[in-house]
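*Asks:* Next up, query-v5.cif (mmCIF, C-alpha atoms).
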```
data_final
#
loop_
_atom_site.label_atom_id
_atom_site.label_comp_id
_atom_site.auth_asym_id
_atom_site.auth_seq_id
_atom_site.Cartn_x
_atom_site.Cartn_y
_atom_site.Cartn_z
CA MET A 5 -10.05 -45.57 -3.15
CA ASN A 6 -12.96 -45.49 -5.60
CA THR A 7 -15.75 -43.40 -4.10
CA ARG A 8 -18.40 -44.94 -6.34
CA CYS A 9 -19.05 -48.00 -4.21
CA VAL A 10 -22.25 -49.77 -3.13
CA VAL A 11 -22.51 -52.20 -0.20
CA ILE A 12 -24.80 -55.21 -0.64
CA VAL A 13 -25.64 -57.12 2.53
CA ASP A 14 -26.16 -60.89 2.15
CA ASP A 15 -26.07 -61.14 -1.60
CA TYR A 16 -26.62 -64.80 -2.47
CA GLY A 17 -27.60 -66.69 -5.63
CA PRO A 18 -31.31 -65.79 -5.56
CA THR A 19 -30.41 -62.06 -5.44
CA ARG A 20 -27.37 -62.24 -7.67
CA ARG A 21 -28.69 -59.56 -10.07
CA HIS A 22 -27.95 -56.64 -7.71
CA ALA A 23 -24.19 -56.45 -8.16
CA PRO A 24 -24.11 -56.69 -11.99
CA SER A 25 -26.72 -53.93 -12.24
CA PHE A 26 -24.82 -51.56 -9.94
CA GLN A 27 -21.58 -52.40 -11.76
CA GLU A 28 -23.20 -51.67 -15.11
CA ALA A 29 -24.14 -48.26 -13.73
CA GLY A 30 -20.49 -47.61 -12.87
CA PHE A 31 -20.31 -48.65 -9.22
CA GLU A 32 -18.00 -51.12 -7.54
CA CYS A 33 -19.63 -53.46 -5.02
CA VAL A 34 -18.60 -54.60 -1.55
CA ARG A 35 -20.40 -57.61 -0.13
CA VAL A 36 -21.15 -57.86 3.60
CA GLN A 37 -22.24 -61.17 5.12
CA SER A 38 -24.41 -60.61 8.18
CA THR A 39 -23.78 -64.05 9.73
CA LEU A 40 -20.53 -65.85 10.48
CA GLU A 41 -21.82 -68.95 8.72
CA VAL A 42 -23.68 -68.95 5.42
CA PRO A 43 -27.32 -70.06 6.01
CA ALA A 44 -27.84 -73.64 4.82
CA ILE A 45 -30.32 -72.60 2.14
CA TYR A 46 -27.66 -70.42 0.47
CA ARG A 47 -24.53 -72.57 0.83
CA SER A 48 -24.66 -73.71 -2.78
CA ALA A 49 -25.48 -70.19 -3.98
CA LEU A 50 -22.63 -68.13 -2.57
CA VAL A 51 -21.14 -66.04 -5.38
CA LEU A 52 -18.21 -63.70 -4.69
CA ASP A 53 -17.16 -62.97 -8.27
CA GLY A 54 -17.07 -59.28 -9.12
CA TYR A 55 -16.90 -57.91 -5.57
CA VAL A 56 -13.95 -55.75 -4.58
CA ALA A 57 -14.24 -57.07 -1.00
CA ASN A 58 -16.23 -59.52 1.10
CA ILE A 59 -16.64 -58.57 4.77
CA VAL A 60 -18.02 -61.07 7.26
CA HIS A 61 -19.90 -59.29 10.05
CA SER A 62 -18.68 -60.46 13.45
CA GLY A 63 -21.60 -59.04 15.44
CA SER A 64 -20.12 -55.58 16.04
CA VAL A 65 -21.73 -52.89 13.87
CA ASP A 66 -18.96 -50.44 14.80
CA ARG A 67 -16.29 -52.85 13.60
CA THR A 68 -18.06 -53.48 10.30
CA LEU A 69 -18.53 -49.73 9.82
CA ARG A 70 -14.78 -49.22 10.31
CA GLN A 71 -14.07 -51.93 7.74
CA LEU A 72 -16.35 -50.18 5.23
CA GLU A 73 -15.03 -46.64 5.72
CA PRO A 74 -12.07 -46.97 3.28
CA PHE A 75 -14.49 -47.82 0.47
CA GLN A 76 -16.53 -44.63 1.07
CA PRO A 77 -19.87 -46.26 0.15
CA VAL A 78 -22.63 -44.23 -1.45
CA ALA A 79 -25.39 -46.74 -0.61
CA VAL A 80 -26.16 -49.87 1.41
CA VAL A 81 -28.70 -52.36 0.06
CA ALA A 82 -30.18 -55.50 1.64
CA GLY A 83 -29.59 -58.38 -0.74
CA SER A 84 -31.81 -60.90 1.02
CA GLU A 85 -34.14 -61.29 4.00
CA VAL A 86 -31.46 -62.08 6.57
CA GLY A 87 -29.55 -58.89 5.71
CA VAL A 88 -32.35 -56.37 6.26
CA GLU A 89 -31.54 -55.33 9.82
CA LEU A 90 -27.80 -55.07 9.31
CA ALA A 91 -28.34 -53.04 6.11
CA ASP A 92 -30.47 -50.63 8.16
CA ALA A 93 -27.78 -50.32 10.83
CA LEU A 94 -24.93 -49.83 8.35
CA SER A 95 -26.72 -47.28 6.17
CA GLU A 96 -27.74 -45.33 9.28
CA GLY A 97 -24.24 -45.52 10.73
CA LEU A 98 -22.68 -44.30 7.48
CA GLY A 99 -25.13 -41.41 7.19
CA LEU A 100 -26.50 -42.64 3.85
CA ALA A 101 -30.02 -42.98 2.49
CA THR A 102 -31.62 -45.32 5.03
CA ASN A 103 -34.82 -46.76 6.41
CA GLY A 104 -33.19 -46.39 9.83
CA THR A 105 -33.11 -48.80 12.72
CA ARG A 106 -36.17 -47.60 14.66
CA LEU A 107 -38.52 -49.95 12.78
CA SER A 108 -35.98 -52.55 11.70
CA ARG A 109 -37.53 -55.22 13.89
CA ALA A 110 -40.97 -54.53 12.43
CA ARG A 111 -39.54 -55.25 8.98
CA ARG A 112 -38.35 -58.74 10.03
CA ASP A 113 -40.44 -59.95 12.98
CA LYS A 114 -43.82 -61.03 11.64
CA PHE A 115 -45.67 -60.37 14.90
CA VAL A 116 -44.24 -56.87 15.35
CA MET A 117 -44.84 -56.20 11.64
CA ILE A 118 -48.58 -56.85 11.88
CA GLU A 119 -48.87 -54.97 15.19
CA THR A 120 -47.15 -51.95 13.61
CA VAL A 121 -49.46 -52.01 10.59
CA ALA A 122 -52.51 -52.28 12.85
CA ALA A 123 -51.26 -49.38 15.00
CA ALA A 124 -51.18 -47.25 11.85
CA GLY A 125 -54.93 -47.83 11.47
CA LEU A 126 -54.67 -50.29 8.58
CA ARG A 127 -56.53 -53.55 8.16
CA ALA A 128 -54.42 -56.27 9.81
CA ALA A 129 -54.88 -59.85 10.95
CA SER A 130 -55.75 -60.50 14.57
CA GLN A 131 -52.90 -62.41 16.17
CA LEU A 132 -51.22 -63.80 19.25
CA MET A 133 -47.54 -64.02 20.13
CA VAL A 134 -47.51 -67.49 21.64
CA THR A 135 -45.94 -67.70 25.09
CA SER A 136 -47.53 -70.96 26.28
CA GLU A 137 -49.51 -73.87 24.91
CA ARG A 138 -52.41 -73.09 27.23
CA GLU A 139 -52.57 -69.51 25.96
CA LEU A 140 -52.53 -70.73 22.35
CA TYR A 141 -55.27 -73.30 23.05
CA ASP A 142 -57.53 -70.71 24.67
CA TRP A 143 -56.90 -68.13 21.92
CA HIS A 144 -57.74 -70.57 19.14
CA GLU A 145 -60.84 -71.73 20.98
CA ARG A 146 -61.95 -68.11 21.33
CA VAL A 147 -61.17 -67.20 17.69
CA GLY A 148 -62.66 -70.41 16.30
CA GLY A 149 -62.28 -71.84 12.81
CA ARG A 150 -58.94 -72.10 11.02
CA ILE A 151 -55.83 -70.22 12.14
CA VAL A 152 -52.25 -69.91 10.85
CA LEU A 153 -49.09 -70.57 12.85
CA LYS A 154 -45.70 -69.37 11.61
CA PRO A 155 -42.20 -68.64 12.94
CA VAL A 156 -41.70 -64.95 13.56
CA ARG A 157 -38.49 -64.69 11.52
CA SER A 158 -38.57 -67.15 8.63
CA ALA A 159 -39.75 -66.82 5.00
CA ALA A 160 -40.93 -68.69 1.87
CA GLY A 161 -43.63 -70.59 3.73
CA ASP A 162 -41.09 -72.28 6.00
CA GLY A 163 -42.76 -73.56 9.17
CA VAL A 164 -46.21 -72.25 8.24
CA ARG A 165 -49.04 -74.44 9.55
CA PHE A 166 -52.81 -74.17 9.05
CA CYS A 167 -54.77 -75.49 12.01
CA THR A 168 -58.51 -76.14 12.35
CA SER A 169 -58.67 -76.97 16.07
CA PRO A 170 -56.84 -75.98 19.26
CA ASP A 171 -55.33 -79.46 19.49
CA GLU A 172 -53.92 -79.12 15.96
CA SER A 173 -52.48 -75.74 16.93
CA ILE A 174 -50.67 -77.22 19.92
CA ALA A 175 -49.23 -80.02 17.78
CA ALA A 176 -48.09 -77.53 15.13
CA TYR A 177 -46.55 -75.26 17.75
CA ARG A 178 -44.49 -78.17 19.08
CA GLU A 179 -43.33 -78.93 15.53
CA VAL A 180 -42.13 -75.37 14.89
CA ILE A 181 -40.81 -73.90 18.13
CA GLY A 182 -37.10 -74.42 18.65
CA LYS A 183 -36.55 -75.93 15.21
CA THR A 184 -33.94 -74.56 12.79
CA ASN A 185 -35.49 -72.50 9.98
CA ILE A 186 -34.33 -72.05 6.39
CA PHE A 187 -31.95 -69.27 7.46
CA SER A 188 -30.20 -71.64 9.91
CA GLU A 189 -31.73 -69.70 12.82
CA ARG A 190 -33.54 -71.26 15.76
CA ASN A 191 -37.28 -70.56 15.82
CA SER A 192 -37.38 -68.73 19.13
CA GLY A 193 -40.92 -67.42 18.63
CA VAL A 194 -44.17 -68.46 16.97
CA VAL A 195 -47.09 -66.22 16.04
CA ALA A 196 -50.69 -67.37 15.65
CA GLN A 197 -52.87 -65.37 13.25
CA GLU A 198 -56.39 -65.41 11.95
CA TYR A 199 -56.79 -67.21 8.63
CA LEU A 200 -57.37 -64.64 5.90
CA VAL A 201 -59.84 -65.66 3.22
CA GLY A 202 -59.27 -64.36 -0.31
CA ALA A 203 -56.96 -64.33 -3.31
CA GLU A 204 -53.31 -63.61 -2.49
CA TYR A 205 -51.30 -61.08 -4.48
CA ILE A 206 -47.67 -59.97 -4.56
CA VAL A 207 -46.85 -56.29 -5.00
CA ASN A 208 -43.19 -55.56 -5.68
CA THR A 209 -42.08 -51.99 -5.09
CA VAL A 210 -39.03 -49.73 -4.87
CA SER A 211 -38.92 -46.52 -2.84
CA SER A 212 -36.73 -43.43 -2.76
CA ALA A 213 -37.11 -40.59 -0.24
CA GLY A 214 -40.54 -41.94 0.69
CA ARG A 215 -41.86 -42.07 -2.88
CA HIS A 216 -43.03 -45.53 -3.91
CA HIS A 217 -42.99 -47.10 -7.37
CA VAL A 218 -44.91 -50.30 -8.16
CA CYS A 219 -42.68 -52.46 -10.36
CA ASP A 220 -44.93 -55.48 -10.86
CA ILE A 221 -48.01 -57.22 -9.41
CA TRP A 222 -48.63 -60.97 -9.38
CA GLN A 223 -51.65 -63.05 -8.52
CA THR A 224 -50.80 -66.31 -6.82
CA VAL A 225 -52.46 -69.69 -7.33
CA ARG A 226 -52.96 -71.88 -4.28
CA ILE A 227 -53.66 -75.58 -3.78
CA ASP A 228 -54.32 -77.98 -0.91
CA VAL A 229 -51.62 -80.65 -1.25
CA ASN A 230 -50.31 -83.40 1.02
CA GLY A 231 -52.14 -82.00 4.02
CA MET A 232 -50.87 -78.46 3.43
CA ARG A 233 -53.60 -75.87 2.86
CA ASP A 234 -53.00 -72.96 0.49
CA ALA A 235 -49.60 -74.16 -0.71
CA LEU A 236 -48.26 -71.98 -3.51
CA SER A 237 -48.64 -73.77 -6.85
CA GLY A 238 -48.04 -70.87 -9.21
CA LEU A 239 -48.31 -67.16 -9.94
CA TYR A 240 -48.85 -64.92 -12.94
CA VAL A 241 -48.30 -61.27 -13.73
CA ILE A 242 -51.34 -58.99 -13.94
CA PRO A 243 -51.67 -55.47 -15.42
CA ARG A 244 -51.01 -52.48 -13.20
CA GLU A 245 -54.43 -50.95 -13.91
CA GLY A 246 -57.68 -52.35 -12.51
CA ALA A 247 -60.10 -52.00 -9.61
CA ILE A 248 -58.36 -54.66 -7.50
CA GLN A 249 -54.91 -53.35 -8.40
CA ASP A 250 -55.87 -49.83 -7.32
CA GLN A 251 -56.87 -51.13 -3.88
CA LEU A 252 -53.72 -53.24 -3.58
CA VAL A 253 -51.42 -50.37 -4.54
CA ALA A 254 -53.04 -47.85 -2.22
CA TYR A 255 -52.87 -50.29 0.70
CA ALA A 256 -49.29 -51.31 -0.13
CA ALA A 257 -48.15 -47.68 -0.03
CA GLN A 258 -49.72 -47.26 3.41
CA VAL A 259 -47.99 -50.43 4.64
CA LEU A 260 -44.63 -49.16 3.37
CA ASP A 261 -45.14 -45.89 5.22
CA ALA A 262 -46.26 -47.68 8.39
CA LEU A 263 -43.13 -49.85 8.37
CA GLY A 264 -40.84 -46.91 7.65
CA ILE A 265 -39.68 -48.05 4.23
CA ALA A 266 -38.50 -44.89 2.50
CA TYR A 267 -35.69 -46.45 0.45
CA GLY A 268 -35.15 -49.62 -1.51
CA PRO A 269 -37.18 -52.61 -2.63
CA ALA A 270 -40.05 -54.38 -0.89
CA HIS A 271 -41.87 -57.63 -1.60
CA ILE A 272 -45.41 -57.33 -0.22
CA GLU A 273 -47.83 -60.27 0.09
CA ILE A 274 -51.45 -59.16 0.43
CA LYS A 275 -54.74 -61.05 0.72
CA MET A 276 -57.77 -59.44 -0.89
CA THR A 277 -60.36 -60.31 1.76
CA PRO A 278 -64.09 -59.49 1.66
CA GLU A 279 -63.23 -56.53 3.92
CA GLY A 280 -60.47 -55.31 1.60
CA PRO A 281 -56.70 -55.81 1.32
CA CYS A 282 -54.86 -57.21 4.34
CA LEU A 283 -51.13 -57.79 4.78
CA VAL A 284 -49.84 -61.34 4.96
CA GLU A 285 -46.22 -60.25 5.31
CA LEU A 286 -43.58 -58.01 3.80
CA GLY A 287 -39.92 -58.48 2.94
CA ALA A 288 -37.79 -55.31 2.77
CA ARG A 289 -35.83 -56.67 -0.22
CA VAL A 290 -36.46 -57.81 -3.79
CA GLY A 291 -38.76 -60.75 -4.49
CA GLY A 292 -37.15 -64.16 -4.13
CA SER A 293 -36.93 -67.13 -6.50
CA ASP A 294 -35.46 -64.87 -9.19
CA ASN A 295 -38.69 -62.86 -9.31
CA PRO A 296 -36.88 -59.84 -10.87
CA TYR A 297 -35.85 -61.94 -13.89
CA TYR A 298 -39.45 -62.91 -14.64
CA ALA A 299 -40.71 -59.39 -13.93
CA GLU A 300 -38.29 -58.00 -16.51
CA LEU A 301 -39.46 -60.68 -18.94
CA ALA A 302 -43.03 -59.46 -18.42
CA THR A 303 -42.63 -55.68 -18.21
CA GLY A 304 -39.16 -54.85 -19.52
CA GLU A 305 -37.96 -53.74 -16.06
CA SER A 306 -37.79 -55.07 -12.53
CA GLN A 307 -37.06 -54.04 -8.97
CA VAL A 308 -33.31 -54.30 -9.57
CA PRO A 309 -32.75 -51.34 -11.98
CA TRP A 310 -35.30 -49.33 -10.02
CA THR A 311 -33.25 -50.03 -6.88
CA VAL A 312 -30.11 -48.80 -8.64
CA ASP A 313 -31.89 -45.54 -9.51
CA ALA A 314 -33.40 -45.17 -6.02
CA TYR A 315 -29.96 -45.10 -4.42
CA THR A 316 -27.65 -43.71 -7.12
CA ASP A 317 -29.82 -41.61 -9.45
CA PRO A 318 -32.72 -40.30 -7.35
CA GLU A 319 -33.51 -37.53 -9.85
CA ARG A 320 -34.24 -40.11 -12.55
CA PHE A 321 -36.30 -42.11 -10.05
CA MET A 322 -38.38 -39.05 -9.18
CA ARG A 323 -39.03 -38.28 -12.83
CA ARG A 324 -40.42 -41.76 -13.42
CA TYR A 325 -41.83 -43.20 -10.20
CA ARG A 326 -45.46 -42.37 -11.02
CA GLU A 327 -45.30 -44.25 -14.33
CA ASN A 328 -47.32 -47.47 -14.53
CA TYR A 329 -45.68 -50.54 -15.95
CA THR A 330 -47.19 -52.24 -19.00
CA VAL A 331 -47.34 -55.98 -19.59
CA GLN A 332 -45.27 -56.65 -22.71
CA GLN A 333 -45.85 -60.38 -22.50
CA TYR A 334 -47.74 -62.51 -20.02
CA VAL A 335 -45.53 -64.49 -17.69
CA ALA A 336 -46.35 -67.21 -15.18
CA GLY A 337 -44.48 -69.61 -12.95
CA VAL A 338 -45.84 -73.05 -12.10
CA LEU A 339 -44.55 -75.33 -9.34
CA MET A 340 -44.91 -79.06 -9.92
CA LEU A 341 -45.89 -80.70 -6.64
CA SER A 342 -44.94 -84.26 -5.74
CA PRO A 343 -47.34 -86.51 -3.79
CA HIS A 344 -44.51 -89.00 -3.19
CA GLY A 345 -41.46 -89.39 -1.05
CA GLY A 346 -38.48 -91.57 -1.90
CA THR A 347 -36.00 -91.53 -4.75
CA LEU A 348 -37.00 -89.92 -8.05
CA ARG A 349 -36.56 -92.31 -10.95
CA ALA A 350 -37.99 -90.15 -13.76
CA TYR A 351 -40.47 -87.48 -14.85
CA PRO A 352 -42.60 -89.57 -17.26
CA TYR A 353 -44.44 -86.57 -18.75
CA LEU A 354 -41.49 -84.20 -19.09
CA ASP A 355 -41.74 -84.29 -22.89
CA ALA A 356 -45.33 -83.03 -22.68
CA VAL A 357 -44.12 -80.07 -20.60
CA LYS A 358 -41.45 -79.29 -23.18
CA LYS A 359 -44.09 -79.08 -25.92
CA LEU A 360 -46.14 -76.34 -24.24
CA GLU A 361 -46.57 -73.35 -26.57
CA SER A 362 -45.66 -70.75 -23.95
CA LEU A 363 -42.79 -72.66 -22.34
CA HIS A 364 -39.97 -70.25 -21.53
CA ASP A 365 -37.71 -72.22 -19.19
CA LEU A 366 -37.49 -75.26 -16.94
CA ARG A 367 -35.72 -75.34 -13.60
CA ILE A 368 -35.39 -78.83 -12.12
CA PRO A 369 -33.82 -78.68 -8.63
CA ILE A 370 -34.68 -82.35 -8.01
CA ALA A 371 -33.26 -84.50 -10.79
CA GLU A 372 -33.41 -88.21 -11.54
CA GLY A 373 -31.72 -90.15 -8.75
CA ASP A 374 -32.30 -87.41 -6.13
CA ALA A 375 -34.26 -87.82 -2.93
CA ILE A 376 -37.76 -86.35 -3.13
CA ARG A 377 -40.33 -85.57 -0.46
CA PRO A 378 -44.06 -84.90 -0.66
CA SER A 379 -44.48 -81.21 -1.55
CA ARG A 380 -45.93 -79.06 1.23
CA GLY A 381 -44.79 -75.58 0.29
CA GLY A 382 -41.36 -74.30 1.31
CA VAL A 383 -38.50 -73.48 -1.03
CA ARG A 384 -37.30 -76.72 -2.66
CA HIS A 385 -39.75 -77.76 -5.35
CA PRO A 386 -39.10 -80.65 -7.76
CA MET A 387 -39.65 -78.55 -10.87
CA LEU A 388 -40.41 -74.92 -11.72
CA VAL A 389 -41.88 -74.15 -15.12
CA GLY A 390 -41.65 -70.63 -16.54
CA LEU A 391 -44.22 -69.59 -19.14
CA ALA A 392 -44.20 -66.49 -21.34
CA HIS A 393 -46.34 -65.45 -24.34
CA PRO A 394 -47.82 -62.22 -25.74
CA ILE A 395 -51.32 -63.75 -25.53
CA GLU A 396 -52.63 -64.17 -21.99
CA GLU A 397 -55.03 -67.00 -22.83
CA ILE A 398 -52.20 -69.23 -24.07
CA VAL A 399 -50.30 -68.79 -20.80
CA MET A 400 -53.42 -69.51 -18.76
CA ARG A 401 -54.20 -72.60 -20.86
CA ASP A 402 -50.68 -73.93 -20.37
CA MET A 403 -50.91 -73.31 -16.62
CA GLU A 404 -54.04 -75.47 -16.55
CA THR A 405 -52.34 -78.12 -18.69
CA LEU A 406 -49.47 -78.30 -16.22
CA ARG A 407 -51.89 -78.78 -13.35
CA TYR A 408 -53.53 -81.59 -15.36
CA LEU A 409 -50.16 -83.27 -15.96
CA ASP A 410 -49.04 -82.84 -12.36
CA GLY A 411 -49.83 -85.42 -9.71
CA HIS A 412 -49.18 -89.09 -9.01
CA ALA A 413 -48.30 -90.09 -12.59
CA PHE A 414 -45.93 -87.15 -13.14
CA PHE A 415 -43.39 -88.49 -10.64
CA ASP A 416 -41.87 -91.96 -11.00
CA VAL A 417 -40.61 -92.51 -7.46
CA VAL A 418 -39.03 -95.57 -5.91
#
```
Let me see whether you can do it: turn the structure in this file into C-alpha cells.
*Replies:*
Amino acid sequence: MNTRCVVIVDDYGPTRRHAPSFQEAGFECVRVQSTLEVPAIYRSALVLDGYVANIVHSGSVDRTLRQLEPFQPVAVVAGSEVGVELADALSEGLGLATNGTRLSRARRDKFVMIETVAAAGLRAASQLMVTSERELYDWHERVGGRIVLKPVRSAAGDGVRFCTSPDESIAAYREVIGKTNIFSERNSGVVAQEYLVGAEYIVNTVSSAGRHHVCDIWQTVRIDVNGMRDALSGLYVIPREGAIQDQLVAYAAQVLDALGIAYGPAHIEIKMTPEGPCLVELGARVGGSDNPYYAELATGESQVPWTVDAYTDPERFMRRYRENYTVQQYVAGVLMLSPHGGTLRAYPYLDAVKKLESLHDLRIPIAEGDAIRPSRGGVRHPMLVGLAHPIEEIVMRDMETLRYLDGHAFFDVV
C-alpha cells in the first residue's frame, strides 16, 4: 500500500481544490464522508474522481480508523465545516499532526466558541445560550438595542436573524429552532449575541505546529436588503500591511491559540469594533465559496498549497510562515441581490455587467426559467461577479457600478 496518503474529510465541490493539490505534491487521497447522507447543500457537488477510496463514516470512530489503517495516512484534513470534528478525532486516533478533540466542540459550536475565546481573556461578544423564550425575552430586554440570533452549528449566514426588540427575538427564535439547516442537521440550539458594530473582515490562515501564517485578508461589504440587516453583498482583498491589518492579525493569532488550532486552515470572521477586533465566528477549514481560487488570483497563493505544506512539508512551511503576502492584482466578489420572488425571466442588464473593465468571471446559479426568492443572505445567490485588475480604483469603481445596476430593474421576474 502506498504510504504517501492524505485523508480529506467531507471534500465537496466548494473545497474541491484540496485533493488535486495534494496529488500534485505526490500524495494519494482517501475521502471520508462524516455523514451517512450527503448534506442537501452539497448533493450536486459530490466529486469522487481521483480518490483511491471513499469511506462513509457510520458513527463509529474506531471502525473508520480500522478502515483507514491499510492506507497508512500521513495527514487528515477537514475539507468542509461538517467534517471538522471527525477530522480531529481521526487525526488524533491515528497519531498524526492534529488539533485534538479536547476543543473540537469549540471549533464548531458557536456558543462554546465565543465562551472559549472570552475565557482566554480576549474581546468577545456577550451572549446567551437560549433555553426558553422567557429567558431570551428578559436577556434582550436587559441588553437593549439590536441583537443577533443564530443556530449554534450552521454557517454562511444560514438562520441568522437581527432583532431590535424582545418580541422580534422570540419570533426569530421560533423560526430557527428545530428547523433543518444547510448541512441537513436539525437546529437543536440557538445562541443570542450582542450586535457588534463595525466593519467585518475575513482573515484566512494556515497553521503548522502552532505557527500561524496569514494567507489573505478581505474586507466585506454589507447591505440591508429585504428586511435582512448586514447581508453580505461583496468583499475585496486588502494588503497584508496596515494599522487595521496588524490588529486583525494579532487578534486572529490569539483566537487560533485559544481554540487550539495548531494545524491546518482557518477562516476567521472578525468585526473591527470601536473597542477593537472581536470574533464573529471561525471555521477550522478553508474559506468557502471557492475563496482559495480568488485568493490565488490576488496574491499568487492561497490556503490550499499552504495546507499541503503544513501537513506534508513542515520544514518549508517554517521557512516561509512569517512572510507577508503581496497583492499582485486587486480582486473583489460582488453578490447581486434580488428584491423579487417568483420565476426569473431574464437579467436585463447582463450585457452591462459583461462590459465592466475588471470583469474576471460570472457565476450564475439562478438562470432564466429558475425559481428565485428575495435575497436575504445565505448561500444561494442569483449571480456572483468576480472582478480582478492591477489597479485598485478600477475594481472599486466596478463594484460601485454593479451596486448601481443591481436592484428591481436588474431582475425580470414573473
*Asks:* Kindly indicate which residue among A:Asp416, A:Asp410, A:Asp402, A:Asp220 lies nearest to Gly346 in chain A, using all atoms listed in the file for the distances.
*Replies:* A:Asp416
*Asks:* Could you tell me which of A:Ala288, A:Ala336, A:Leu94, A:Ile242 comes closest to Arg70 in chain A if we count all atoms listed in the file?
*Replies:*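 Looking at the shortest contact to Arg70 in chain A, the residue is A:Leu94.
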*Asks:* Give me the residues near Met403 in chain A as a PyMOL selection string, where near means some atom within 8 Å (using all atoms listed in the file) and where sequence neighbours in that chain fewer than 4 positions away do not count.
*Replies:* chain A and resi 336+338+399+407
*Asks:* Keeping C-alpha atoms, export the residues of the selection given above as a compact mmCIF listing (two decimals), in the coordinates of the input.
*Replies:*
```txt
# COMPACT_ATOMS: atom_id res chain seq x y z
CA ALA A 336 -46.35 -67.21 -15.18
CA VAL A 338 -45.84 -73.05 -12.10
CA VAL A 399 -50.30 -68.79 -20.80
CA ARG A 407 -51.89 -78.78 -13.35
```
*Asks:* Need to verify the contact set: Ala79 in chain A, 7 Å, all atoms listed in the file, exclusion of same-chain residues closer than 4 positions in sequence. Can you return it as an MDAnalysis selection string?
*Replies:* chainID A and resid 10:11 95 100:101 315
*Asks:* Name the residues that the PyMOL selection byres ((chain A and resi 379) around 7) pulls out of this structure, and write them as number ranges by chain.
*Replies:* A: 230, 341-343, 377-378, 380-381, 385
*Asks:* Which residues of range 87-165 of chain A sit at most 9 Å from range 172-188 of chain A, using all atoms listed in the file? Give each one's shortest atom pair and distance in Å (one decimal place), in chain and ascending residue order, as a Markdown table.
*Replies:*
```
| residue | atom | partner | partner_atom | distance |
| --- | --- | --- | --- | --- |
| A:Val134 | CA | A:Tyr177 | CA | 8.7 |
| A:Glu137 | CA | A:Ile174 | CA | 6.1 |
| A:Arg138 | CA | A:Ile174 | CA | 8.6 |
| A:Leu140 | CA | A:Ile174 | CA | 7.2 |
| A:Tyr141 | CA | A:Ile174 | CA | 6.8 |
| A:His144 | CA | A:Ser173 | CA | 7.7 |
| A:Ile151 | CA | A:Ser173 | CA | 8.0 |
| A:Val152 | CA | A:Ser173 | CA | 8.4 |
| A:Leu153 | CA | A:Tyr177 | CA | 7.2 |
| A:Lys154 | CA | A:Val180 | CA | 7.7 |
| A:Pro155 | CA | A:Val180 | CA | 7.0 |
| A:Arg157 | CA | A:Asn185 | CA | 8.5 |
| A:Ser158 | CA | A:Asn185 | CA | 6.3 |
| A:Ala159 | CA | A:Ile186 | CA | 7.7 |
| A:Ala160 | CA | A:Ile186 | CA | 8.7 |
| A:Asp162 | CA | A:Ile186 | CA | 6.8 |
| A:Gly163 | CA | A:Val180 | CA | 6.0 |
| A:Val164 | CA | A:Val180 | CA | 8.4 |
| A:Arg165 | CA | A:Ala176 | CA | 6.4 |
```
*Asks:* Exactly which residues make up the result of the PyMOL selection byres ((chain A and resi 360) around 10) on this file, given as an MDAnalysis selection string?
*Replies:* chainID A and resid 355:359 361:364 391 398:399 401:403 405:406
*Asks:* With C-alpha atoms kept, could you save the residues just selected as a PDB file, in the frame of the given file?
*Replies:*
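What landed in result22.pdb:
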```pdb
ATOM      1  CA  ASP A 355     -41.740 -84.290 -22.890  1.00  0.00           C
ATOM      2  CA  ALA A 356     -45.330 -83.030 -22.680  1.00  0.00           C
ATOM      3  CA  VAL A 357     -44.120 -80.070 -20.600  1.00  0.00           C
ATOM      4  CA  LYS A 358     -41.450 -79.290 -23.180  1.00  0.00           C
ATOM      5  CA  LYS A 359     -44.090 -79.080 -25.920  1.00  0.00           C
ATOM      6  CA  GLU A 361     -46.570 -73.350 -26.570  1.00  0.00           C
ATOM      7  CA  SER A 362     -45.660 -70.750 -23.950  1.00  0.00           C
ATOM      8  CA  LEU A 363     -42.790 -72.660 -22.340  1.00  0.00           C
ATOM      9  CA  HIS A 364     -39.970 -70.250 -21.530  1.00  0.00           C
ATOM     10  CA  LEU A 391     -44.220 -69.590 -19.140  1.00  0.00           C
ATOM     11  CA  ILE A 398     -52.200 -69.230 -24.070  1.00  0.00           C
ATOM     12  CA  VAL A 399     -50.300 -68.790 -20.800  1.00  0.00           C
ATOM     13  CA  ARG A 401     -54.200 -72.600 -20.860  1.00  0.00           C
ATOM     14  CA  ASP A 402     -50.680 -73.930 -20.370  1.00  0.00           C
ATOM     15  CA  MET A 403     -50.910 -73.310 -16.620  1.00  0.00           C
ATOM     16  CA  THR A 405     -52.340 -78.120 -18.690  1.00  0.00           C
ATOM     17  CA  LEU A 406     -49.470 -78.300 -16.220  1.00  0.00           C
TER      18      LEU A 406
END
```
*Asks:* Tell me, as an MDAnalysis selection string, which residues lie within 10 Å of Val147 in chain A, counting all atoms listed in the file; anything in the same chain fewer than 2 positions away does not count.
*Replies:* chainID A and resid 130:131 142:145 149:151 170 197:198
*Asks:* Decode the PyMOL selection byres ((chain A and resi 330) around 10) for the given file into explicit residues and return them as a PyMOL selection string.
*Replies:* chain A and resi 219-220+242-245+302-305+327-329+331-333
*Asks:* Please, what distance in Å, to one decimal, runs between CA of Arg324 in chain A and CA of Trp222 in chain A?
*Replies:*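 Answer for the CA of Arg324 in chain A to CA of Trp222 in chain A separation: 21.3 Å.
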*Asks:* With only C-alpha atoms as the atoms that count, which of A:Ala371, A:Met340, A:Leu52, A:Leu260 lies nearest to Phe414 in chain A?
*Replies:*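 Using only C-alpha atoms, Phe414 in chain A sits closest to A:Met340.
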*Asks:* Quick one: of A:Ile221, A:Val156, A:Leu301, A:Val80, who's nearest to Arg109 in chain A, counting only C-alpha atoms?
*Replies:*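 Smallest distance to Arg109 in chain A is found for A:Val156.
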*Asks:* Around the point (-35.7, -47.2, -0.1) in the file's coordinates, collect all residues with an atom within 9 Å, using all atoms listed in the file, and return them as a PyMOL selection string.
*Replies:* chain A and resi 81+101-103+210-216+265-270+288+311+314-315
*Asks:* Using CA of Met400 in chain A and CA of Leu339 in chain A as the two end points, give the distance in Å to one decimal.
*Replies:*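 We find that CA of Met400 in chain A and CA of Leu339 in chain A lie 14.2 Å from each other.
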*Asks:* Take CA of Gln76 in chain A and CA of Leu98 in chain A and report the distance between them in Å, one decimal.
*Replies:* 8.9 Å
*Asks:* For Asp15 in chain A, which of A:Met133, A:Ala262, A:Val312, A:Val290 is the closest residue, counting only C-alpha atoms?
*Replies:*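 That would be A:Val290, the residue with the smallest distance to Asp15 in chain A.
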